[in-house]
There are 2 protein chains.
Amino acid sequence: MNHKIVASLDITDEKKLISIAEEISNSVFAIKINWPTILSLGKSIIGKLSMFSKVICDLKIADIPNTNRLIIEQISKENPWAVIGHLFPGPDSMKSLVDNSGEIKIIGVASMSNPGSNVYLNPNFENLVSDAITLGCYGIVAPGNDYELLGKISRAKGPLKIFSPGVGAQGGGYKKAISSGSDYVIIGRSIYENPEPLKYIMNLEGEN
Amino acid sequence: MNHKIVASLDITDEKKLISIAEEISNSVFAIKINWPTILSLGKSIIGKLSMFSKVICDLKIADIPNTNRLIIEQISKENPWAVIGHLFPGPDSMKSLVDNSGEIKIIGVASMSNPGSNVYLNPNFENLVSDAITLGCYGIVAPGNDYELLGKISRAKGPLKIFSPGVGAQGGGYKKAISSGSDYVIIGRSIYENPEPLKYIMNLEGEN
């Protein structure tokens with residue numbers, strides 16, 4: 001198993017999703033899905049995938065405390081391993097997610113892999129990471145295609161685990177992200193658009 | 001019809017939701033639903049409600065451009081009137097929502113009704129509103145329980161329509177929100193937890 005890869009399977013075809021998930025589940029740390037998959041297949045897909053893999057629901061939850069609580073309560077029924085939520089709506093919103101998450105781990109967002117992340121998120125990364133530590137998050141999202149920022153977040157992370165998107169189709173390199181501080185590297189299109197997803201993952205493992 | 005009320009029906013019981021929606025649909029501007037409802041009842045509930053009311057999907061979408069596009073594509077199939085997305089992830093993320101929204105109106109978030117909104121969102125409200133105008137949003141979310149901030153956003157809004165949560169259970173007053181600059185006032189628990197929702201709405205209309 002490659003303990004450092006999170007496979008982001010942004011697929012809306014259930015057969016294809018389950019097929020790839022089954023093929024790679026023993027070779028990755030976790031499988032991540034997002035709203036497009038849940039909207040297309042219903043939230044029960046979380047439970048189906050969690051039968052054979054840790055599942056991270058990348059929901060980027062970003063609402064007021066009461067609504068955050070209602071969302072995590074709905075998602076909890078499907079037993080994901082972790083859920084991703086934003087920190088920028090404020091500490092009260094993130095506190096509501098953590099307090100209502102039960103056994104589910106909460107991963108906060110310090111920065112994303114898009115260029116626009118430089119405008120509002122990145123200038124606040126130190127406070128966002130600090131909030132995540134204080135509020136009891138398990139991990140933090142930091143970009144795997146911005147090694148300088150990733151390094152800074154790595155030095156500020158305390159006990160948090162770093163999950164890094166932006167590797168593969170978005171330009172980041174797997175080894176470079178790891179050496180810059182990522183604990184887990186999120187890879188999407190390079191896995192699920194690859195005709196041989198398992199072989200691609202095994203090759204990365206060899207590189208590590 | 002009260003042209004200024006958006007009823008936020010955060011209900012996960014389909015019978016109760018449809019029943020209240022049918023009762024009030026001719027007396028409000030639009031009905032707003034959020035993730036807990038969609039997670040519980042499936043996205044088809046959007047289409048069901050849109051048969052007799054404008055539907056605003058309050059999804060607070062906050063992801064990278066490619067994922068934002070995939071989310072709005074899934075939601076578009078159900079013909080909502082408008083979708084709410086965050087501006088904080090950066091102009092490229094909001095641009096992707098607007099560019100892929102077709103006939104659906106996009107409402108950006110300048111500020112929310114929770115106290116934590118003061119930490120990261122509110123200090124950036126001028127730039128967030130400016131982004132919303134530049135990128136072609138239809139409206140902006142600004143709190144109906146912070147009249148000073150609402151007034152400031154109202155003076156900066158340009159052609160945007162202001163949608164204000166925070167009225168009712170969260171402390172804001174309907175008339176005061178309108179006089180501070182709200183074009184539409186979002187009311188949730190005070191409507192759907194009321195034994196007589198329509199009467200409550202009619203009384204507000206009388207006040208206006």
# chains A, B, ... in the order shown; residues from 1 in each chain; ligands from 1
>>> calpha_fit_and_write(fixed="chain B", moving="chain A", output="compact mmCIF listing (two decimals) with C-alpha atoms, in the first residue's frame")
# COMPACT_ATOMS: atom_id res chain seq x y z
CA MET A 1 -47.15 38.12 -2.79
CA ASN A 2 -44.41 39.47 -0.56
CA HIS A 3 -41.71 40.28 -3.06
CA LYS A 4 -39.05 40.62 -0.40
CA ILE A 5 -39.17 37.33 1.52
CA VAL A 6 -37.07 34.28 0.68
CA ALA A 7 -38.28 31.32 2.74
CA SER A 8 -35.37 29.17 3.82
CA LEU A 9 -36.93 25.73 4.22
CA ASP A 10 -34.20 23.67 5.87
CA ILE A 11 -36.42 20.64 6.20
CA THR A 12 -35.42 17.03 5.57
CA ASP A 13 -38.93 15.53 5.68
CA GLU A 14 -40.26 15.65 2.11
CA LYS A 15 -43.96 15.70 3.00
CA LYS A 16 -43.51 18.58 5.44
CA LEU A 17 -41.26 20.47 3.00
CA ILE A 18 -43.67 20.20 0.07
CA SER A 19 -46.64 21.01 2.27
CA ILE A 20 -45.15 24.25 3.59
CA ALA A 21 -43.72 25.15 0.17
CA GLU A 22 -47.15 24.77 -1.44
CA GLU A 23 -48.83 26.76 1.30
CA ILE A 24 -46.49 29.76 1.05
CA SER A 25 -45.20 29.68 -2.55
CA ASN A 26 -47.57 32.39 -3.80
CA SER A 27 -46.70 34.64 -0.88
CA VAL A 28 -42.91 34.71 -1.04
CA PHE A 29 -40.31 35.73 -3.63
CA ALA A 30 -38.49 32.38 -3.60
CA ILE A 31 -37.82 29.22 -1.59
CA LYS A 32 -34.27 28.49 -0.51
CA ILE A 33 -32.93 25.03 0.29
CA ASN A 34 -29.53 23.87 1.48
CA TRP A 35 -27.32 20.74 1.49
CA PRO A 36 -29.07 18.98 4.42
CA THR A 37 -32.30 18.88 2.38
CA ILE A 38 -30.55 17.75 -0.81
CA LEU A 39 -28.51 15.12 1.06
CA SER A 40 -31.64 13.76 2.70
CA LEU A 41 -34.04 13.87 -0.26
CA GLY A 42 -31.75 13.81 -3.31
CA LYS A 43 -31.21 16.58 -5.82
CA SER A 44 -34.57 15.86 -7.50
CA ILE A 45 -36.22 17.83 -4.68
CA ILE A 46 -34.91 20.97 -6.44
CA GLY A 47 -36.91 20.11 -9.56
CA LYS A 48 -40.01 19.23 -7.52
CA LEU A 49 -39.99 22.58 -5.72
CA SER A 50 -39.19 24.52 -8.89
CA MET A 51 -42.56 23.41 -10.31
CA PHE A 52 -44.29 25.98 -8.11
CA SER A 53 -41.66 28.43 -6.87
CA LYS A 54 -38.37 30.03 -7.72
CA VAL A 55 -35.76 27.86 -5.97
CA ILE A 56 -32.48 29.17 -4.59
CA CYS A 57 -29.91 26.44 -3.88
CA ASP A 58 -27.84 27.71 -0.98
CA LEU A 59 -24.86 25.49 -1.59
CA LYS A 60 -22.12 27.93 -0.52
CA ILE A 61 -19.99 26.37 -3.27
CA ALA A 62 -16.32 26.99 -2.42
CA ASP A 63 -14.02 24.85 -4.52
CA ILE A 64 -11.48 25.20 -7.32
CA PRO A 65 -12.75 26.23 -10.79
CA ASN A 66 -12.93 22.72 -12.27
CA THR A 67 -14.91 21.31 -9.34
CA ASN A 68 -17.19 24.37 -9.22
CA ARG A 69 -18.01 23.72 -12.88
CA LEU A 70 -18.83 20.06 -12.20
CA ILE A 71 -21.10 21.03 -9.27
CA ILE A 72 -23.06 23.69 -11.18
CA GLU A 73 -23.44 21.27 -14.12
CA GLN A 74 -25.02 18.67 -11.83
CA ILE A 75 -27.31 21.22 -10.17
CA SER A 76 -28.35 22.82 -13.49
CA LYS A 77 -30.21 19.67 -14.48
CA GLU A 78 -32.80 20.44 -11.78
CA ASN A 79 -33.57 23.99 -12.94
CA PRO A 80 -33.07 26.08 -9.83
CA TRP A 81 -33.60 29.83 -10.22
CA ALA A 82 -30.34 30.71 -8.45
CA VAL A 83 -27.34 29.14 -6.71
CA ILE A 84 -25.26 30.64 -3.90
CA GLY A 85 -21.46 30.35 -4.08
CA HIS A 86 -18.57 31.78 -2.07
CA LEU A 87 -16.26 34.48 -3.39
CA PHE A 88 -13.37 33.88 -0.96
CA PRO A 89 -11.89 30.90 -2.87
CA GLY A 90 -10.86 33.50 -5.46
CA PRO A 91 -12.12 35.19 -8.62
CA ASP A 92 -11.24 32.20 -10.82
CA SER A 93 -13.52 29.95 -8.79
CA MET A 94 -16.45 32.38 -8.97
CA LYS A 95 -15.82 32.99 -12.67
CA SER A 96 -16.16 29.27 -13.29
CA LEU A 97 -19.54 29.24 -11.52
CA VAL A 98 -20.86 32.23 -13.47
CA ASP A 99 -19.50 31.01 -16.82
CA ASN A 100 -21.09 27.59 -16.41
CA SER A 101 -24.41 28.65 -14.90
CA GLY A 102 -26.43 29.12 -18.11
CA GLU A 103 -29.76 30.71 -17.17
CA ILE A 104 -29.18 30.20 -13.44
CA LYS A 105 -28.41 33.30 -11.42
CA ILE A 106 -25.33 33.21 -9.20
CA ILE A 107 -25.37 34.89 -5.79
CA GLY A 108 -21.98 35.44 -4.10
CA VAL A 109 -21.32 35.62 -0.37
CA ALA A 110 -19.88 38.89 1.00
CA SER A 111 -20.62 38.12 4.64
CA MET A 112 -22.60 35.60 6.66
CA SER A 113 -24.83 35.93 9.71
CA ASN A 114 -22.55 34.08 12.16
CA PRO A 115 -20.27 35.96 14.58
CA GLY A 116 -17.24 34.19 13.06
CA SER A 117 -17.88 36.02 9.80
CA ASN A 118 -16.10 38.96 11.46
CA VAL A 119 -12.76 37.15 11.41
CA TYR A 120 -12.00 36.58 7.72
CA LEU A 121 -15.01 37.47 5.55
CA ASN A 122 -16.11 40.88 6.83
CA PRO A 123 -12.68 42.57 6.66
CA ASN A 124 -12.71 41.69 2.94
CA PHE A 125 -16.29 42.69 2.12
CA GLU A 126 -15.39 45.56 -0.21
CA ASN A 127 -13.20 43.39 -2.43
CA LEU A 128 -15.66 40.49 -2.31
CA VAL A 129 -18.52 42.76 -3.44
CA SER A 130 -16.29 44.28 -6.12
CA ASP A 131 -15.42 40.78 -7.41
CA ALA A 132 -19.12 39.87 -7.52
CA ILE A 133 -19.89 42.95 -9.65
CA THR A 134 -16.92 42.41 -11.98
CA LEU A 135 -17.63 38.71 -12.47
CA GLY A 136 -21.30 39.17 -13.29
CA CYS A 137 -23.01 37.79 -10.23
CA TYR A 138 -26.72 38.55 -9.87
CA GLY A 139 -26.70 39.11 -6.16
CA ILE A 140 -24.73 39.12 -2.95
CA VAL A 141 -25.35 37.69 0.53
CA ALA A 142 -25.06 40.25 3.34
CA PRO A 143 -26.23 39.79 6.94
CA GLY A 144 -29.65 41.01 8.01
CA ASN A 145 -28.55 41.03 11.64
CA ASP A 146 -25.60 43.44 11.20
CA TYR A 147 -27.23 46.65 9.99
CA GLU A 148 -24.03 48.67 9.89
CA LEU A 149 -22.23 46.19 7.64
CA LEU A 150 -25.40 45.70 5.60
CA GLY A 151 -25.56 49.45 5.02
CA LYS A 152 -21.93 49.54 3.88
CA ILE A 153 -22.47 46.63 1.49
CA SER A 154 -25.63 48.29 0.22
CA ARG A 155 -23.67 51.41 -0.72
CA ALA A 156 -21.05 49.29 -2.56
CA LYS A 157 -23.40 46.86 -4.29
CA GLY A 158 -23.72 48.45 -7.74
CA PRO A 159 -26.24 46.42 -9.76
CA LEU A 160 -26.25 43.47 -7.33
CA LYS A 161 -29.35 42.44 -5.40
CA ILE A 162 -28.77 41.93 -1.67
CA PHE A 163 -30.04 38.71 -0.02
CA SER A 164 -29.98 38.86 3.77
CA PRO A 165 -30.03 35.93 6.19
CA GLY A 166 -29.92 36.33 9.95
CA VAL A 167 -33.48 37.60 10.36
CA GLY A 168 -35.79 35.96 12.87
CA ALA A 169 -34.13 33.20 14.94
CA GLN A 170 -30.70 34.81 14.44
CA GLY A 171 -31.76 38.19 15.78
CA GLY A 172 -32.26 40.44 12.76
CA GLY A 173 -35.50 42.37 12.16
CA TYR A 174 -37.34 42.21 8.84
CA LYS A 175 -38.17 45.91 8.52
CA LYS A 176 -34.78 47.04 9.80
CA ALA A 177 -32.97 44.79 7.28
CA ILE A 178 -35.02 46.23 4.42
CA SER A 179 -34.41 49.79 5.54
CA SER A 180 -30.67 49.02 5.87
CA GLY A 181 -30.44 47.90 2.25
CA SER A 182 -31.68 44.32 1.82
CA ASP A 183 -33.54 43.63 -1.40
CA TYR A 184 -34.60 40.20 -0.18
CA VAL A 185 -34.79 38.94 3.38
CA ILE A 186 -34.11 35.26 4.03
CA ILE A 187 -36.20 33.85 6.88
CA GLY A 188 -35.90 30.23 7.97
CA ARG A 189 -36.81 28.87 11.37
CA SER A 190 -39.36 31.63 12.06
CA ILE A 191 -41.31 30.37 9.05
CA TYR A 192 -40.89 26.59 9.06
CA GLU A 193 -41.05 26.14 12.83
CA ASN A 194 -44.17 28.31 12.98
CA PRO A 195 -47.47 26.43 13.28
CA GLU A 196 -48.97 28.99 10.88
CA PRO A 197 -46.24 29.88 8.36
CA LEU A 198 -48.52 31.74 5.94
CA LYS A 199 -50.03 33.88 8.68
CA TYR A 200 -46.52 34.77 9.90
CA ILE A 201 -45.54 35.87 6.37
CA MET A 202 -48.73 37.87 5.89
CA ASN A 203 -48.10 39.70 9.13
CA LEU A 204 -44.61 40.66 7.96
CA GLU A 205 -46.10 41.93 4.69
CA GLY A 206 -48.44 44.11 6.69
CA GLU A 207 -45.45 45.53 8.54
CA ASN A 208 -43.63 46.39 5.33
>>> select_by_dssp(residues="segment 32-164 of chain A", states="helix (DSSP H, G or I)", output="PDB file with C-alpha atoms, in the first residue's frame")
ATOM      1  CA  TRP A  35     -20.184  16.919  -4.436  1.00  0.00           C
ATOM      2  CA  PRO A  36     -20.492  16.072  -8.165  1.00  0.00           C
ATOM      3  CA  THR A  37     -20.281  12.359  -7.305  1.00  0.00           C
ATOM      4  CA  ILE A  38     -22.707  12.641  -4.377  1.00  0.00           C
ATOM      5  CA  LEU A  39     -25.153  14.757  -6.411  1.00  0.00           C
ATOM      6  CA  SER A  40     -25.074  12.244  -9.240  1.00  0.00           C
ATOM      7  CA  LEU A  41     -25.160   8.996  -7.256  1.00  0.00           C
ATOM      8  CA  SER A  44     -25.240   6.238  -0.254  1.00  0.00           C
ATOM      9  CA  ILE A  45     -22.175   6.051  -2.513  1.00  0.00           C
ATOM     10  CA  ILE A  46     -20.150   7.134   0.545  1.00  0.00           C
ATOM     11  CA  GLY A  47     -21.277   4.045   2.445  1.00  0.00           C
ATOM     12  CA  LYS A  48     -20.656   1.779  -0.561  1.00  0.00           C
ATOM     13  CA  LEU A  49     -17.077   2.991  -0.950  1.00  0.00           C
ATOM     14  CA  SER A  50     -16.413   2.901   2.793  1.00  0.00           C
ATOM     15  CA  PRO A  65     -22.626  26.796  12.588  1.00  0.00           C
ATOM     16  CA  ASN A  66     -26.221  25.534  12.593  1.00  0.00           C
ATOM     17  CA  THR A  67     -26.141  24.534   8.916  1.00  0.00           C
ATOM     18  CA  ASN A  68     -22.674  22.977   9.260  1.00  0.00           C
ATOM     19  CA  ARG A  69     -24.082  20.808  12.050  1.00  0.00           C
ATOM     20  CA  LEU A  70     -27.024  19.698   9.897  1.00  0.00           C
ATOM     21  CA  ILE A  71     -24.686  18.823   7.004  1.00  0.00           C
ATOM     22  CA  ILE A  72     -22.251  16.772   9.100  1.00  0.00           C
ATOM     23  CA  GLU A  73     -25.198  14.971  10.734  1.00  0.00           C
ATOM     24  CA  GLN A  74     -26.509  13.916   7.317  1.00  0.00           C
ATOM     25  CA  ILE A  75     -23.066  12.822   6.108  1.00  0.00           C
ATOM     26  CA  SER A  76     -22.253  10.940   9.336  1.00  0.00           C
ATOM     27  CA  PRO A  91     -13.948  29.616  14.061  1.00  0.00           C
ATOM     28  CA  ASP A  92     -17.562  29.150  15.191  1.00  0.00           C
ATOM     29  CA  SER A  93     -18.432  27.422  11.924  1.00  0.00           C
ATOM     30  CA  MET A  94     -15.447  25.051  12.126  1.00  0.00           C
ATOM     31  CA  LYS A  95     -16.105  24.408  15.815  1.00  0.00           C
ATOM     32  CA  SER A  96     -19.613  23.261  14.932  1.00  0.00           C
ATOM     33  CA  LEU A  97     -18.205  20.788  12.391  1.00  0.00           C
ATOM     34  CA  VAL A  98     -15.653  19.360  14.831  1.00  0.00           C
ATOM     35  CA  ASP A  99     -18.096  19.216  17.751  1.00  0.00           C
ATOM     36  CA  PRO A 115      -4.413  30.581  -8.602  1.00  0.00           C
ATOM     37  CA  GLY A 116      -7.302  32.535  -7.025  1.00  0.00           C
ATOM     38  CA  SER A 117      -6.377  31.071  -3.656  1.00  0.00           C
ATOM     39  CA  ASN A 118      -3.687  33.781  -3.571  1.00  0.00           C
ATOM     40  CA  ASN A 122      -3.238  32.426   1.239  1.00  0.00           C
ATOM     41  CA  PRO A 123      -2.670  35.794   2.966  1.00  0.00           C
ATOM     42  CA  ASN A 124      -4.529  34.282   5.953  1.00  0.00           C
ATOM     43  CA  PHE A 125      -2.865  30.865   6.018  1.00  0.00           C
ATOM     44  CA  GLU A 126      -1.133  31.325   9.384  1.00  0.00           C
ATOM     45  CA  ASN A 127      -4.363  32.188  11.192  1.00  0.00           C
ATOM     46  CA  LEU A 128      -6.319  29.498   9.349  1.00  0.00           C
ATOM     47  CA  VAL A 129      -3.773  26.833  10.362  1.00  0.00           C
ATOM     48  CA  SER A 130      -3.749  28.167  13.916  1.00  0.00           C
ATOM     49  CA  ASP A 131      -7.566  27.933  14.051  1.00  0.00           C
ATOM     50  CA  ALA A 132      -7.423  24.340  12.778  1.00  0.00           C
ATOM     51  CA  ILE A 133      -4.986  23.377  15.556  1.00  0.00           C
ATOM     52  CA  THR A 134      -6.954  25.176  18.278  1.00  0.00           C
ATOM     53  CA  LEU A 135     -10.299  23.745  17.184  1.00  0.00           C
ATOM     54  CA  TYR A 147       6.011  24.276  -2.650  1.00  0.00           C
ATOM     55  CA  GLU A 148       6.962  27.514  -0.928  1.00  0.00           C
ATOM     56  CA  LEU A 149       3.543  27.955   0.687  1.00  0.00           C
ATOM     57  CA  LEU A 150       3.384  24.232   1.425  1.00  0.00           C
ATOM     58  CA  GLY A 151       6.708  24.484   3.252  1.00  0.00           C
ATOM     59  CA  LYS A 152       5.478  27.425   5.319  1.00  0.00           C
ATOM     60  CA  ILE A 153       2.269  25.603   6.249  1.00  0.00           C
ATOM     61  CA  SER A 154       4.300  22.505   7.079  1.00  0.00           C
ATOM     62  CA  ARG A 155       6.367  24.480   9.592  1.00  0.00           C
ATOM     63  CA  ALA A 156       3.176  25.885  11.208  1.00  0.00           C
TER      64      ALA A 156
END
>>> select_by_dssp(residues="segment 9-205 of chain B", states="strand (DSSP E)", output="PyMOL selection string")
chain B and resi 30-34+55-61+82-86+105-109+139-141+161-167+184-187
>>> write_last_selection(atoms="N, CA and C atoms", output="mmCIF file, in the first residue's frame")
data_model
loop_
_atom_site.group_PDB
_atom_site.id
_atom_site.type_symbol
_atom_site.label_atom_id
_atom_site.label_comp_id
_atom_site.auth_asym_id
_atom_site.auth_seq_id
_atom_site.Cartn_x
_atom_site.Cartn_y
_atom_site.Cartn_z
ATOM 1 N N ALA B 30 -39.153 33.640 -3.205
ATOM 2 C CA ALA B 30 -38.497 32.387 -3.590
ATOM 3 C C ALA B 30 -38.386 31.480 -2.373
ATOM 4 N N ILE B 31 -38.110 30.204 -2.659
ATOM 5 C CA ILE B 31 -37.833 29.233 -1.593
ATOM 6 C C ILE B 31 -36.361 28.845 -1.693
ATOM 7 N N LYS B 32 -35.694 28.844 -0.552
ATOM 8 C CA LYS B 32 -34.262 28.493 -0.514
ATOM 9 C C LYS B 32 -34.105 27.156 0.188
ATOM 10 N N ILE B 33 -33.285 26.278 -0.402
ATOM 11 C CA ILE B 33 -32.936 25.026 0.293
ATOM 12 C C ILE B 33 -31.414 24.897 0.337
ATOM 13 N N ASN B 34 -30.958 24.000 1.198
ATOM 14 C CA ASN B 34 -29.531 23.871 1.473
ATOM 15 C C ASN B 34 -29.141 22.387 1.394
ATOM 16 N N VAL B 55 -36.549 28.576 -6.969
ATOM 17 C CA VAL B 55 -35.764 27.857 -5.969
ATOM 18 C C VAL B 55 -34.329 28.393 -5.961
ATOM 19 N N ILE B 56 -33.876 28.772 -4.769
ATOM 20 C CA ILE B 56 -32.480 29.180 -4.591
ATOM 21 C C ILE B 56 -31.761 28.040 -3.870
ATOM 22 N N CYS B 57 -30.722 27.498 -4.509
ATOM 23 C CA CYS B 57 -29.918 26.445 -3.879
ATOM 24 C C CYS B 57 -28.763 27.107 -3.137
ATOM 25 N N ASP B 58 -28.846 27.043 -1.810
ATOM 26 C CA ASP B 58 -27.853 27.718 -0.979
ATOM 27 C C ASP B 58 -26.715 26.741 -0.688
ATOM 28 N N LEU B 59 -25.875 26.542 -1.687
ATOM 29 C CA LEU B 59 -24.857 25.487 -1.588
ATOM 30 C C LEU B 59 -23.535 26.016 -1.062
ATOM 31 N N LYS B 60 -23.389 27.334 -0.976
ATOM 32 C CA LYS B 60 -22.127 27.924 -0.514
ATOM 33 C C LYS B 60 -20.938 27.239 -1.196
ATOM 34 N N ILE B 61 -21.038 27.077 -2.496
ATOM 35 C CA ILE B 61 -19.994 26.374 -3.260
ATOM 36 C C ILE B 61 -18.665 27.107 -3.094
ATOM 37 N N ALA B 82 -31.648 30.139 -8.801
ATOM 38 C CA ALA B 82 -30.346 30.711 -8.445
ATOM 39 C C ALA B 82 -29.559 29.742 -7.564
ATOM 40 N N VAL B 83 -28.244 29.951 -7.548
ATOM 41 C CA VAL B 83 -27.344 29.146 -6.713
ATOM 42 C C VAL B 83 -26.410 30.106 -5.972
ATOM 43 N N ILE B 84 -26.171 29.808 -4.691
ATOM 44 C CA ILE B 84 -25.266 30.641 -3.891
ATOM 45 C C ILE B 84 -23.876 30.003 -3.848
ATOM 46 N N GLY B 85 -22.856 30.819 -4.137
ATOM 47 C CA GLY B 85 -21.478 30.342 -4.077
ATOM 48 C C GLY B 85 -20.610 31.347 -3.343
ATOM 49 N N HIS B 86 -19.492 30.887 -2.778
ATOM 50 C CA HIS B 86 -18.579 31.780 -2.073
ATOM 51 C C HIS B 86 -17.644 32.506 -3.041
ATOM 52 N N LYS B 105 -29.056 32.128 -11.998
ATOM 53 C CA LYS B 105 -28.409 33.300 -11.414
ATOM 54 C C LYS B 105 -27.451 32.865 -10.303
ATOM 55 N N ILE B 106 -26.311 33.536 -10.234
ATOM 56 C CA ILE B 106 -25.327 33.218 -9.200
ATOM 57 C C ILE B 106 -25.296 34.343 -8.161
ATOM 58 N N ILE B 107 -25.410 33.940 -6.908
ATOM 59 C CA ILE B 107 -25.370 34.884 -5.787
ATOM 60 C C ILE B 107 -24.096 34.605 -4.994
ATOM 61 N N GLY B 108 -23.247 35.615 -4.838
ATOM 62 C CA GLY B 108 -21.997 35.445 -4.096
ATOM 63 C C GLY B 108 -22.171 35.794 -2.626
ATOM 64 N N VAL B 109 -21.242 35.343 -1.804
ATOM 65 C CA VAL B 109 -21.309 35.625 -0.365
ATOM 66 C C VAL B 109 -20.291 36.708 -0.006
ATOM 67 N N GLY B 139 -26.429 38.590 -7.494
ATOM 68 C CA GLY B 139 -26.680 39.121 -6.155
ATOM 69 C C GLY B 139 -25.547 38.822 -5.202
ATOM 70 N N ILE B 140 -25.750 39.279 -3.973
ATOM 71 C CA ILE B 140 -24.734 39.121 -2.941
ATOM 72 C C ILE B 140 -25.440 38.818 -1.616
ATOM 73 N N VAL B 141 -24.808 37.977 -0.796
ATOM 74 C CA VAL B 141 -25.350 37.692 0.536
ATOM 75 C C VAL B 141 -24.704 38.639 1.535
ATOM 76 N N LYS B 161 -28.243 42.519 -6.340
ATOM 77 C CA LYS B 161 -29.353 42.430 -5.388
ATOM 78 C C LYS B 161 -28.817 41.846 -4.083
ATOM 79 N N ILE B 162 -29.257 42.396 -2.968
ATOM 80 C CA ILE B 162 -28.784 41.916 -1.668
ATOM 81 C C ILE B 162 -29.786 40.936 -1.049
ATOM 82 N N PHE B 163 -29.268 39.757 -0.706
ATOM 83 C CA PHE B 163 -30.048 38.714 -0.021
ATOM 84 C C PHE B 163 -29.536 38.608 1.408
ATOM 85 N N SER B 164 -30.422 38.769 2.383
ATOM 86 C CA SER B 164 -29.978 38.867 3.779
ATOM 87 C C SER B 164 -30.537 37.767 4.673
ATOM 88 N N PRO B 165 -29.646 36.892 5.147
ATOM 89 C CA PRO B 165 -30.032 35.933 6.182
ATOM 90 C C PRO B 165 -29.862 36.586 7.554
ATOM 91 N N GLY B 166 -30.151 35.827 8.594
ATOM 92 C CA GLY B 166 -29.910 36.322 9.958
ATOM 93 C C GLY B 166 -31.122 36.993 10.568
ATOM 94 N N VAL B 167 -32.251 36.954 9.849
ATOM 95 C CA VAL B 167 -33.467 37.597 10.361
ATOM 96 C C VAL B 167 -34.341 36.540 11.040
ATOM 97 N N TYR B 184 -33.842 41.388 -0.540
ATOM 98 C CA TYR B 184 -34.604 40.189 -0.185
ATOM 99 C C TYR B 184 -34.149 39.706 1.185
ATOM 100 N N VAL B 185 -35.106 39.381 2.018
ATOM 101 C CA VAL B 185 -34.795 38.942 3.381
ATOM 102 C C VAL B 185 -35.053 37.437 3.487
ATOM 103 N N ILE B 186 -34.022 36.725 3.904
ATOM 104 C CA ILE B 186 -34.114 35.264 4.027
ATOM 105 C C ILE B 186 -34.573 34.929 5.447
ATOM 106 N N ILE B 187 -35.686 34.223 5.563
ATOM 107 C CA ILE B 187 -36.203 33.849 6.879
ATOM 108 C C ILE B 187 -36.413 32.341 6.912
#
>>> decode(residues="segment 3-16 of chain A", atoms="N, CA and C atoms", output="tab-separated table (two decimals), in the first residue's frame")
chain	number	residue	atom	x	y	z
A	3	HIS	N	1.08	4.59	1.44
A	3	HIS	CA	0.41	5.25	2.56
A	3	HIS	C	0.28	6.76	2.37
A	4	LYS	N	0.74	7.26	1.26
A	4	LYS	CA	0.75	8.71	1.07
A	4	LYS	C	-0.16	9.20	-0.04
A	5	ILE	N	-0.83	8.30	-0.75
A	5	ILE	CA	-1.69	8.74	-1.85
A	5	ILE	C	-3.17	8.71	-1.45
A	6	VAL	N	-3.85	9.83	-1.68
A	6	VAL	CA	-5.31	9.88	-1.60
A	6	VAL	C	-5.81	10.00	-3.04
A	7	ALA	N	-6.60	9.01	-3.47
A	7	ALA	CA	-7.11	9.02	-4.84
A	7	ALA	C	-8.41	9.81	-4.89
A	8	SER	N	-8.39	10.90	-5.61
A	8	SER	CA	-9.58	11.73	-5.75
A	8	SER	C	-10.37	11.25	-6.95
A	9	LEU	N	-11.44	10.50	-6.70
A	9	LEU	CA	-12.19	9.88	-7.79
A	9	LEU	C	-13.45	10.71	-8.09
A	10	ASP	N	-13.26	11.74	-8.88
A	10	ASP	CA	-14.37	12.65	-9.22
A	10	ASP	C	-15.12	12.09	-10.42
A	11	ILE	N	-15.79	10.99	-10.18
A	11	ILE	CA	-16.45	10.23	-11.24
A	11	ILE	C	-17.93	10.19	-10.91
A	12	THR	N	-18.78	10.34	-11.95
A	12	THR	CA	-20.22	10.33	-11.69
A	12	THR	C	-20.88	9.06	-12.24
A	13	ASP	N	-20.10	8.19	-12.85
A	13	ASP	CA	-20.60	6.90	-13.32
A	13	ASP	C	-20.30	5.86	-12.25
A	14	GLU	N	-21.34	5.29	-11.64
A	14	GLU	CA	-21.14	4.42	-10.48
A	14	GLU	C	-20.31	3.19	-10.80
A	15	LYS	N	-20.58	2.56	-11.94
A	15	LYS	CA	-19.83	1.35	-12.30
A	15	LYS	C	-18.34	1.64	-12.42
A	16	LYS	N	-18.03	2.75	-13.11
A	16	LYS	CA	-16.62	3.11	-13.31
A	16	LYS	C	-15.98	3.46	-11.96
